[in-house]
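Text of the file protein_6.cif, holding mmCIF, C-alpha atoms and all ligand atoms; chains and numbers go by the auth columns:
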```cif
data_model
loop_
_atom_site.group_PDB
_atom_site.id
_atom_site.type_symbol
_atom_site.label_atom_id
_atom_site.label_comp_id
_atom_site.label_asym_id
_atom_site.label_seq_id
_atom_site.Cartn_x
_atom_site.Cartn_y
_atom_site.Cartn_z
_atom_site.B_iso_or_equiv
_atom_site.auth_seq_id
_atom_site.auth_asym_id
ATOM 1 C CA MET A 1 -23.508 -12.515 -21.522 0.00 1 S
ATOM 2 C CA VAL A 2 -24.819 -9.838 -19.189 0.00 2 S
ATOM 3 C CA GLU A 3 -27.988 -10.325 -17.156 0.00 3 S
ATOM 4 C CA ARG A 4 -29.261 -7.174 -15.497 0.00 4 S
ATOM 5 C CA THR A 5 -30.841 -7.733 -12.094 0.00 5 S
ATOM 6 C CA SER A 6 -31.444 -4.050 -11.300 0.00 6 S
ATOM 7 C CA ARG A 7 -30.376 -0.586 -12.388 0.00 7 S
ATOM 8 C CA VAL A 8 -26.904 -1.000 -10.902 0.00 8 S
ATOM 9 C CA LYS A 9 -26.521 -4.757 -10.426 0.00 9 S
ATOM 10 C CA PHE A 10 -25.990 -7.424 -13.037 0.00 10 S
ATOM 11 C CA ILE A 11 -24.294 -10.717 -13.671 0.00 11 S
ATOM 12 C CA ALA A 12 -21.525 -10.868 -16.274 0.00 12 S
ATOM 13 C CA ASN A 13 -20.149 -14.315 -17.131 0.00 13 S
ATOM 14 C CA GLY A 14 -21.487 -15.680 -13.849 0.00 14 S
ATOM 15 C CA VAL A 15 -19.856 -12.927 -11.778 0.00 15 S
ATOM 16 C CA LYS A 16 -22.130 -10.600 -9.802 0.00 16 S
ATOM 17 C CA LYS A 17 -21.197 -7.007 -10.551 0.00 17 S
ATOM 18 C CA ARG A 18 -22.556 -3.636 -9.656 0.00 18 S
ATOM 19 C CA ILE A 19 -21.924 0.063 -9.993 0.00 19 S
ATOM 20 C CA TYR A 20 -20.477 1.878 -6.997 0.00 20 S
ATOM 21 C CA TYR A 21 -20.163 5.610 -6.562 0.00 21 S
ATOM 22 C CA HIS A 22 -17.090 7.714 -5.886 0.00 22 S
ATOM 23 C CA PRO A 23 -17.288 10.241 -3.016 0.00 23 S
ATOM 24 C CA ASP A 24 -17.798 12.982 -5.635 0.00 24 S
ATOM 25 C CA GLY A 25 -20.925 11.185 -6.874 0.00 25 S
ATOM 26 C CA SER A 26 -19.550 9.850 -10.160 0.00 26 S
ATOM 27 C CA PRO A 27 -20.305 6.166 -10.866 0.00 27 S
ATOM 28 C CA THR A 28 -17.582 3.540 -11.131 0.00 28 S
ATOM 29 C CA LYS A 29 -17.313 1.040 -13.940 0.00 29 S
ATOM 30 C CA PRO A 30 -18.961 -2.303 -13.091 0.00 30 S
ATOM 31 C CA LEU A 31 -17.034 -3.934 -10.229 0.00 31 S
ATOM 32 C CA PRO A 32 -17.440 -7.312 -8.489 0.00 32 S
ATOM 33 C CA ALA A 33 -20.287 -7.354 -5.942 0.00 33 S
ATOM 34 C CA ASP A 34 -19.546 -10.451 -3.847 0.00 34 S
ATOM 35 C CA SER A 35 -19.486 -9.777 -0.101 0.00 35 S
ATOM 36 C CA TYR A 36 -15.667 -9.639 0.082 0.00 36 S
ATOM 37 C CA SER A 37 -15.414 -7.143 -2.800 0.00 37 S
ATOM 38 C CA LEU A 38 -18.331 -5.139 -1.422 0.00 38 S
ATOM 39 C CA ARG A 39 -16.524 -4.627 1.897 0.00 39 S
ATOM 40 C CA HIS A 40 -13.292 -3.835 0.074 0.00 40 S
ATOM 41 C CA TYR A 41 -14.858 -1.150 -2.128 0.00 41 S
ATOM 42 C CA LEU A 42 -16.922 0.390 0.679 0.00 42 S
ATOM 43 C CA ALA A 43 -13.735 0.579 2.782 0.00 43 S
ATOM 44 C CA LYS A 44 -12.136 2.477 -0.096 0.00 44 S
ATOM 45 C CA GLY A 45 -14.845 5.112 0.261 0.00 45 S
ATOM 46 C CA PHE A 46 -17.168 4.013 -2.535 0.00 46 S
ATOM 47 C CA THR A 47 -20.902 4.047 -1.813 0.00 47 S
ATOM 48 C CA LEU A 48 -23.833 2.015 -3.143 0.00 48 S
ATOM 49 C CA GLU A 49 -25.952 5.072 -3.797 0.00 49 S
ATOM 50 C CA PRO A 50 -24.809 8.405 -5.167 0.00 50 S
ATOM 51 C CA PRO A 51 -24.150 10.788 -2.257 0.00 51 S
ATOM 52 C CA LYS A 52 -26.956 13.297 -1.770 0.00 52 S
ATOM 53 C CA ARG A 53 -24.585 16.186 -1.405 0.00 53 S
ATOM 54 C CA SER A 54 -25.217 19.331 -3.256 0.00 54 S
ATOM 55 C CA PHE A 55 -22.891 22.162 -4.007 0.00 55 S
ATOM 56 C CA VAL A 56 -24.356 25.621 -3.635 0.00 56 S
ATOM 57 C CA CYS A 57 -23.195 28.759 -5.367 0.00 57 S
ATOM 58 C CA GLU A 58 -22.666 31.336 -2.622 0.00 58 S
ATOM 59 C CA ASN A 59 -23.219 34.077 -5.196 0.00 59 S
ATOM 60 C CA CYS A 60 -26.729 33.176 -6.419 0.00 60 S
ATOM 61 C CA GLY A 61 -27.795 30.187 -4.256 0.00 61 S
ATOM 62 C CA LYS A 62 -28.176 27.778 -7.190 0.00 62 S
ATOM 63 C CA GLU A 63 -27.539 24.077 -6.309 0.00 63 S
ATOM 64 C CA PHE A 64 -25.488 21.568 -8.266 0.00 64 S
ATOM 65 C CA ASP A 65 -24.997 17.818 -7.870 0.00 65 S
ATOM 66 C CA PHE A 66 -21.308 17.876 -8.712 0.00 66 S
ATOM 67 C CA ALA A 67 -18.493 20.148 -7.576 0.00 67 S
ATOM 68 C CA ILE A 68 -17.304 20.330 -11.173 0.00 68 S
ATOM 69 C CA ALA A 69 -20.729 21.640 -12.293 0.00 69 S
ATOM 70 C CA LEU A 70 -20.639 24.327 -9.608 0.00 70 S
ATOM 71 C CA GLY A 71 -17.099 25.234 -10.673 0.00 71 S
ATOM 72 C CA GLY A 72 -18.232 25.695 -14.259 0.00 72 S
ATOM 73 C CA HIS A 73 -21.227 27.748 -13.171 0.00 73 S
ATOM 74 C CA LYS A 74 -19.217 30.053 -10.916 0.00 74 S
ATOM 75 C CA ARG A 75 -16.909 31.067 -13.715 0.00 75 S
ATOM 76 C CA GLY A 76 -19.903 32.648 -15.453 0.00 76 S
ATOM 77 C CA CYS A 77 -21.852 33.627 -12.331 0.00 77 S
ATOM 78 C CA ASN A 78 -19.172 35.863 -10.847 0.00 78 S
ATOM 79 C CA LYS A 79 -18.942 37.901 -14.043 0.00 79 S
ATOM 80 C CA LYS A 80 -21.567 40.579 -13.741 0.00 80 S
HETATM 81 ZN ZN ZN B . -24.234 31.396 -9.109 0.00 1 L
#
```
As structure tokens, what does this structure read like?
Ligand SMILES: [Zn+2]
Amino acid sequence: MVERTSRVKFIANGVKKRIYYHPDGSPTKPLPADSYSLRHYLAKGFTLEPPKRSFVCENCGKEFDFAIALGGHKRGCNKK
């Protein structure tokens, strides 16, 4: 049984879990959210909120949330 307590936090079988974010902004699968696990995952470089980094195309100035999206865009953008 899963009880959602917020957008990224919930309780599954009595275990508090939440979504973390990788440095590239992609979300993790639900991971334990007790204080020990929290410290462990944050030390690994995960964050509680998606990083507000944007990737900008130096050719046209368009911004993307993910490096992979910018990469895909640039393949078409550089072709004139
Ligand atoms: Zn571009």
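The space between CA of Ile19 (chain S) and CA of Asp65 (chain S) spans 18.1 Å.
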For this file, the PyMOL selection byres (((not hetatm)) within 6 of (chain L and resi 1)) selects which residues, as a CSV table (one decimal) with C-alpha atoms, in the coordinates of the input?
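Dumped to out21.csv:
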```
chain,number,residue,atom,x,y,z
S,57,CYS,CA,-23.2,28.8,-5.4
S,59,ASN,CA,-23.2,34.1,-5.2
S,60,CYS,CA,-26.7,33.2,-6.4
S,62,LYS,CA,-28.2,27.8,-7.2
S,74,LYS,CA,-19.2,30.1,-10.9
S,77,CYS,CA,-21.9,33.6,-12.3
```
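Of note, CA of His73 (chain S) and CA of Gly45 (chain S) are spaced 27.1 Å apart.
If you count only C-alpha atoms and ignore residues fewer than 2 places along the chain from Pro30 (chain S), what sits within 9 Å of it is Val8, Lys9, Phe10, Lys17, Arg18, Ile19, Tyr20, Pro27, Thr28, Pro32 and Ala33 of chain S.
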Among S:Glu63, S:Val15, S:Pro23, S:Asp34, Phe46 (chain S) is approached most closely, using only C-alpha atoms, by S:Pro23
(request) Measuring atom to atom with all atoms listed in the file, identify which of S:Arg7, S:His22, S:Arg75, S:Lys16 is nearest to Leu42 (chain S). (result)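 For Leu42 (chain S), the nearest of the candidates is S:His22.
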Quick one: pull the distance between CA of Leu70 (chain S) and CA of Gly25 (chain S), Å, one decimal.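 CA of Leu70 (chain S) sits 13.4 Å away from CA of Gly25 (chain S).
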Taking all atoms of region 9-24 of chain S that the file lists and extending 4 Å past them on each side, where is the centre of the axis-aligned box and how long are its edges? Answer in Å to one decimal, as JSON.
```
{"center_x": -21.8, "center_y": -1.3, "center_z": -10.1, "size_x": 17.4, "size_y": 36.7, "size_z": 22.1}
```
Problem - S:Glu49, S:Gly76, S:Phe66, S:Arg39 ranked by distance to Tyr21 (chain S), top pick (using all atoms listed in the file) - result: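 Result for the nearest residue to Tyr21 (chain S): S:Glu49.
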Give me, as a CSV table (one decimal) with C-alpha atoms, in the frame of the given file, all polymer residues having an atom no more than 9 Å from Ala67 (chain S), counting only C-alpha atoms and skipping those fewer than 2 positions away in the same chain.
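Result file is out.csv:
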```
chain,number,residue,atom,x,y,z
S,24,ASP,CA,-17.8,13.0,-5.6
S,54,SER,CA,-25.2,19.3,-3.3
S,55,PHE,CA,-22.9,22.2,-4.0
S,56,VAL,CA,-24.4,25.6,-3.6
S,64,PHE,CA,-25.5,21.6,-8.3
S,65,ASP,CA,-25.0,17.8,-7.9
S,69,ALA,CA,-20.7,21.6,-12.3
S,70,LEU,CA,-20.6,24.3,-9.6
S,71,GLY,CA,-17.1,25.2,-10.7
S,72,GLY,CA,-18.2,25.7,-14.3
```
